[in-house]
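**Student:** What follows is entry_28.pdb, made up of PDB, C-alpha atoms, pLDDT in the B column:
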ATOM      1  CA  MET A  74      -1.310   5.865  -0.379  1.00 43.00           C
ATOM      2  CA  GLN A  75      -4.922   6.695   0.439  1.00 45.00           C
ATOM      3  CA  MET A  76      -7.603   5.054  -1.707  1.00 50.00           C
ATOM      4  CA  CYS A  77     -11.242   6.061  -1.771  1.00 49.00           C
ATOM      5  CA  GLU A  78     -13.533   3.792   0.206  1.00 56.00           C
ATOM      6  CA  ASN A  79     -16.013   2.596  -2.436  1.00 55.00           C
ATOM      7  CA  PRO A  80     -15.216   3.646  -5.999  1.00 53.00           C
ATOM      8  CA  THR A  81     -16.934   0.586  -7.410  1.00 50.00           C
ATOM      9  CA  ASN A  82     -20.554   1.678  -7.498  1.00 52.00           C
ATOM     10  CA  PHE A  83     -20.487   1.965 -11.292  1.00 50.00           C
ATOM     11  CA  LEU A  84     -19.753  -1.721 -11.913  1.00 55.00           C
ATOM     12  CA  LYS A  85     -21.882  -4.506 -10.461  1.00 60.00           C
ATOM     13  CA  PHE A  86     -21.721  -7.631 -12.590  1.00 62.00           C
ATOM     14  CA  ASP A  87     -21.227 -11.271 -11.644  1.00 70.00           C
ATOM     15  CA  GLU A  88     -20.062 -11.959 -15.185  1.00 81.00           C
ATOM     16  CA  TYR A  89     -16.517 -10.896 -14.208  1.00 85.00           C
ATOM     17  CA  ARG A  90     -16.153 -13.411 -11.366  1.00 87.00           C
ATOM     18  CA  GLY A  91     -13.071 -15.530 -12.081  1.00 87.00           C
ATOM     19  CA  ARG A  92     -12.252 -13.667 -15.288  1.00 92.00           C
ATOM     20  CA  VAL A  93      -8.777 -12.332 -16.083  1.00 95.00           C
ATOM     21  CA  VAL A  94      -8.869  -8.577 -16.571  1.00 96.00           C
ATOM     22  CA  VAL A  95      -5.814  -6.611 -17.738  1.00 97.00           C
ATOM     23  CA  ILE A  96      -5.807  -2.914 -16.881  1.00 97.00           C
ATOM     24  CA  THR A  97      -3.235  -0.412 -18.080  1.00 96.00           C
ATOM     25  CA  GLY A  98      -2.233   2.427 -15.779  1.00 95.00           C
ATOM     26  CA  ALA A  99      -3.596   0.346 -12.899  1.00 94.00           C
ATOM     27  CA  ALA A 100      -1.316   1.709 -10.177  1.00 93.00           C
ATOM     28  CA  GLN A 101      -2.885   5.155 -10.030  1.00 93.00           C
ATOM     29  CA  GLY A 102      -5.789   7.363 -11.062  1.00 94.00           C
ATOM     30  CA  ILE A 103      -8.589   6.023 -13.244  1.00 95.00           C
ATOM     31  CA  GLY A 104      -6.775   2.738 -13.856  1.00 95.00           C
ATOM     32  CA  LEU A 105      -6.494   2.114 -10.111  1.00 94.00           C
ATOM     33  CA  VAL A 106     -10.203   2.781  -9.525  1.00 93.00           C
ATOM     34  CA  THR A 107     -11.108   0.575 -12.502  1.00 93.00           C
ATOM     35  CA  ALA A 108      -8.956  -2.219 -11.087  1.00 93.00           C
ATOM     36  CA  MET A 109     -10.723  -1.900  -7.741  1.00 91.00           C
ATOM     37  CA  ALA A 110     -14.132  -2.116  -9.416  1.00 90.00           C
ATOM     38  CA  PHE A 111     -13.244  -5.334 -11.234  1.00 91.00           C
ATOM     39  CA  LEU A 112     -11.707  -6.807  -8.083  1.00 90.00           C
ATOM     40  CA  GLU A 113     -14.850  -5.992  -6.099  1.00 87.00           C
ATOM     41  CA  ASN A 114     -16.775  -7.972  -8.720  1.00 88.00           C
ATOM     42  CA  GLY A 115     -14.623 -11.083  -8.426  1.00 89.00           C
ATOM     43  CA  ALA A 116     -12.221 -10.659 -11.344  1.00 92.00           C
ATOM     44  CA  HIS A 117      -8.536 -11.499 -11.221  1.00 93.00           C
ATOM     45  CA  VAL A 118      -6.799  -8.256 -12.190  1.00 95.00           C
ATOM     46  CA  VAL A 119      -3.441  -7.965 -13.887  1.00 96.00           C
ATOM     47  CA  GLY A 120      -2.399  -4.332 -13.540  1.00 95.00           C
ATOM     48  CA  ILE A 121       0.154  -2.844 -15.893  1.00 97.00           C
ATOM     49  CA  ASP A 122       1.969   0.376 -15.147  1.00 96.00           C
ATOM     50  CA  LYS A 123       5.298   2.018 -15.941  1.00 96.00           C
ATOM     51  CA  ASP A 124       5.757   3.596 -12.492  1.00 94.00           C
ATOM     52  CA  LEU A 125       7.532   1.107 -10.221  1.00 93.00           C
ATOM     53  CA  GLU A 126       6.952   3.150  -7.059  1.00 93.00           C
ATOM     54  CA  ALA A 127       3.219   3.475  -7.778  1.00 93.00           C
ATOM     55  CA  ILE A 128       3.057  -0.275  -8.489  1.00 93.00           C
ATOM     56  CA  SER A 129       4.682  -1.038  -5.117  1.00 90.00           C
ATOM     57  CA  ASP A 130       2.193   1.172  -3.258  1.00 90.00           C
ATOM     58  CA  ALA A 131      -0.863  -0.123  -5.109  1.00 91.00           C
ATOM     59  CA  LYS A 132       0.214  -3.753  -4.884  1.00 88.00           C
ATOM     60  CA  GLU A 133       0.596  -3.583  -1.114  1.00 88.00           C
ATOM     61  CA  ASP A 134      -2.844  -1.982  -0.691  1.00 89.00           C
ATOM     62  CA  PHE A 135      -4.506  -4.365  -3.138  1.00 89.00           C
ATOM     63  CA  LEU A 136      -2.977  -7.496  -1.608  1.00 87.00           C
ATOM     64  CA  ASN A 137      -4.251  -6.384   1.802  1.00 89.00           C
ATOM     65  CA  ARG A 138      -7.750  -5.783   0.415  1.00 88.00           C
ATOM     66  CA  TYR A 139      -8.131  -8.508  -2.212  1.00 86.00           C
ATOM     67  CA  GLY A 140      -5.436 -11.118  -1.571  1.00 81.00           C
ATOM     68  CA  GLU A 141      -4.013 -13.089  -4.463  1.00 77.00           C
ATOM     69  CA  LYS A 142      -6.605 -11.877  -7.002  1.00 85.00           C
ATOM     70  CA  VAL A 143      -4.276  -9.137  -8.227  1.00 90.00           C
ATOM     71  CA  ASP A 144      -0.899  -8.990  -9.929  1.00 92.00           C
ATOM     72  CA  PHE A 145       1.068  -6.025 -11.192  1.00 94.00           C
ATOM     73  CA  LEU A 146       3.555  -6.004 -14.051  1.00 96.00           C
ATOM     74  CA  LEU A 147       5.996  -3.251 -14.920  1.00 96.00           C
ATOM     75  CA  CYS A 148       5.551  -2.206 -18.548  1.00 96.00           C
ATOM     76  CA  ASP A 149       5.995   1.017 -20.499  1.00 96.00           C
ATOM     77  CA  LEU A 150       3.406   0.895 -23.284  1.00 96.00           C
ATOM     78  CA  ALA A 151       5.591   3.192 -25.381  1.00 97.00           C
ATOM     79  CA  ASN A 152       8.159   0.376 -25.616  1.00 97.00           C
ATOM     80  CA  PRO A 153       7.205  -2.417 -28.075  1.00 97.00           C
ATOM     81  CA  GLN A 154       9.682  -4.901 -26.549  1.00 97.00           C
ATOM     82  CA  GLN A 155       8.182  -4.417 -23.097  1.00 97.00           C
ATOM     83  CA  ILE A 156       4.677  -4.877 -24.510  1.00 97.00           C
ATOM     84  CA  GLU A 157       5.677  -8.166 -26.162  1.00 97.00           C
ATOM     85  CA  ARG A 158       7.349  -9.432 -22.988  1.00 97.00           C
ATOM     86  CA  THR A 159       4.380  -8.453 -20.834  1.00 97.00           C
ATOM     87  CA  CYS A 160       1.823 -10.025 -23.182  1.00 95.00           C
ATOM     88  CA  LYS A 161       3.796 -13.262 -23.268  1.00 96.00           C
ATOM     89  CA  GLU A 162       4.058 -13.299 -19.483  1.00 96.00           C
ATOM     90  CA  ILE A 163       0.308 -12.779 -19.091  1.00 96.00           C
ATOM     91  CA  VAL A 164      -0.576 -15.521 -21.586  1.00 95.00           C
ATOM     92  CA  ASP A 165       1.971 -17.920 -20.056  1.00 96.00           C
ATOM     93  CA  ARG A 166       0.634 -17.273 -16.569  1.00 94.00           C
ATOM     94  CA  TYR A 167      -3.144 -17.130 -17.207  1.00 93.00           C
ATOM     95  CA  GLY A 168      -3.702 -18.727 -20.606  1.00 93.00           C
ATOM     96  CA  GLU A 169      -6.181 -16.113 -21.735  1.00 92.00           C
ATOM     97  CA  VAL A 170      -7.430 -12.610 -21.090  1.00 94.00           C
ATOM     98  CA  HIS A 171     -11.157 -11.937 -20.872  1.00 93.00           C
ATOM     99  CA  VAL A 172     -11.093  -8.138 -20.631  1.00 93.00           C
ATOM    100  CA  LEU A 173      -8.431  -5.667 -21.751  1.00 91.00           C
TER
END
Once you've parsed the file, please lay out its structure as structure tokens.

**Tutor:**
Amino acid sequence: MQMCENPTNFLKFDEYRGRVVVITGAAQGIGLVTAMAFLENGAHVVGIDKDLEAISDAKEDFLNRYGEKVDFLLCDLANPQQIERTCKEIVDRYGEVHVL
């Protein structure tokens, strides 16, 4: 998967450093670029997507670029049970979410 070199010019804030940011659709398209922007600004990103293959590709690229500051969770936002499970997992793991 080829990602653009610097899609993060639109977001330059130190206020996100160390914050937990949850992004839906984070494995591709606008969600992926948004995740990159927050990561570039020091946030810990939890990416949610329903496409397992896209998650695998994005996760590999992100771990190479940003290390342990990124996690991906499989979740179909059209499925209420998956949303509940994913929310519980995020809260159990991080305690709180600063940006959704």

**Student:** Please expand the PyMOL selection byres ((chain A and resi 130) around 12) into the concrete residues it hits in this file, giving the result as a ChimeraX atom specification.

**Tutor:** /A:74-76,99-101,105,122,124-129,131-137,145

**Student:** Anything within 12 Å of (-15.0, -18.9, -15.0): list those residues as a PyMOL selection string, counting all atoms listed in the file and sticking to the file's coordinates.

**Tutor:** chain A and resi 87-93+115-117+169-171

**Student:** For a test of reading the model, state the distance in Å between CA of Val94 in chain A and CA of Gly140 in chain A, rounded to one decimal.

**Tutor:** 15.6 Å

**Student:** Could you tell me how far CA of Gln155 in chain A lies from CA of Val143 in chain A, in Å and to one decimal?

**Tutor:** 20.0 Å

**Student:** If we count all atoms listed in the file, what is near Gly104 in chain A at a cut-off of 12 Å, once residues fewer than 6 positions away on the same chain are taken out, given as a ChimeraX atom specification?

**Tutor:** /A:80,94-98,110-111,118-122,127-128,131,173

**Student:** Could you jot down the CA of Leu112 in chain A to CA of Pro153 in chain A separation for me, Å, one decimal place?

**Tutor:** 27.9 Å

**Student:** Box in all listed atoms of range 132-139 of chain A, axis-aligned, with 8 Å more on each side; write out centre and edge lengths in Å to one decimal as lines of an AutoDock Vina configuration file.

**Tutor:**
center_x = -3.8
center_y = -5.2
center_z = -1.5
size_x = 24.7
size_y = 22.5
size_z = 22.7

**Student:** Which of these, A:Ala108, A:Ile103, A:Ile156, A:Cys148, has the shortest distance to Val172 in chain A once you count all atoms listed in the file?

**Tutor:** A:Ala108

**Student:** Mind rebuilding range 103-114 of chain A with N, CA and C atoms and writing that out as a compact mmCIF listing (two decimals), in the frame of the given file?

**Tutor:**
# COMPACT_ATOMS: atom_id res chain seq x y z
N ILE A 103 -7.44 6.74 -12.71
CA ILE A 103 -8.59 6.02 -13.24
C ILE A 103 -8.32 4.53 -13.35
N GLY A 104 -7.12 4.16 -13.75
CA GLY A 104 -6.78 2.74 -13.86
C GLY A 104 -6.87 2.04 -12.51
N LEU A 105 -6.43 2.68 -11.45
CA LEU A 105 -6.49 2.11 -10.11
C LEU A 105 -7.94 1.90 -9.68
N VAL A 106 -8.80 2.89 -9.91
CA VAL A 106 -10.20 2.78 -9.52
C VAL A 106 -10.90 1.71 -10.37
N THR A 107 -10.55 1.62 -11.64
CA THR A 107 -11.11 0.57 -12.50
C THR A 107 -10.69 -0.81 -12.01
N ALA A 108 -9.44 -0.95 -11.63
CA ALA A 108 -8.96 -2.22 -11.09
C ALA A 108 -9.73 -2.59 -9.83
N MET A 109 -9.96 -1.64 -8.96
CA MET A 109 -10.72 -1.90 -7.74
C MET A 109 -12.14 -2.37 -8.07
N ALA A 110 -12.76 -1.75 -9.05
CA ALA A 110 -14.13 -2.12 -9.42
C ALA A 110 -14.19 -3.56 -9.90
N PHE A 111 -13.26 -3.96 -10.76
CA PHE A 111 -13.24 -5.33 -11.23
C PHE A 111 -12.94 -6.32 -10.10
N LEU A 112 -12.02 -5.95 -9.23
CA LEU A 112 -11.71 -6.81 -8.08
C LEU A 112 -12.92 -6.99 -7.17
N GLU A 113 -13.64 -5.92 -6.93
CA GLU A 113 -14.85 -5.99 -6.10
C GLU A 113 -15.88 -6.93 -6.71
N ASN A 114 -15.82 -7.12 -8.02
CA ASN A 114 -16.77 -7.97 -8.72
C ASN A 114 -16.20 -9.34 -9.05
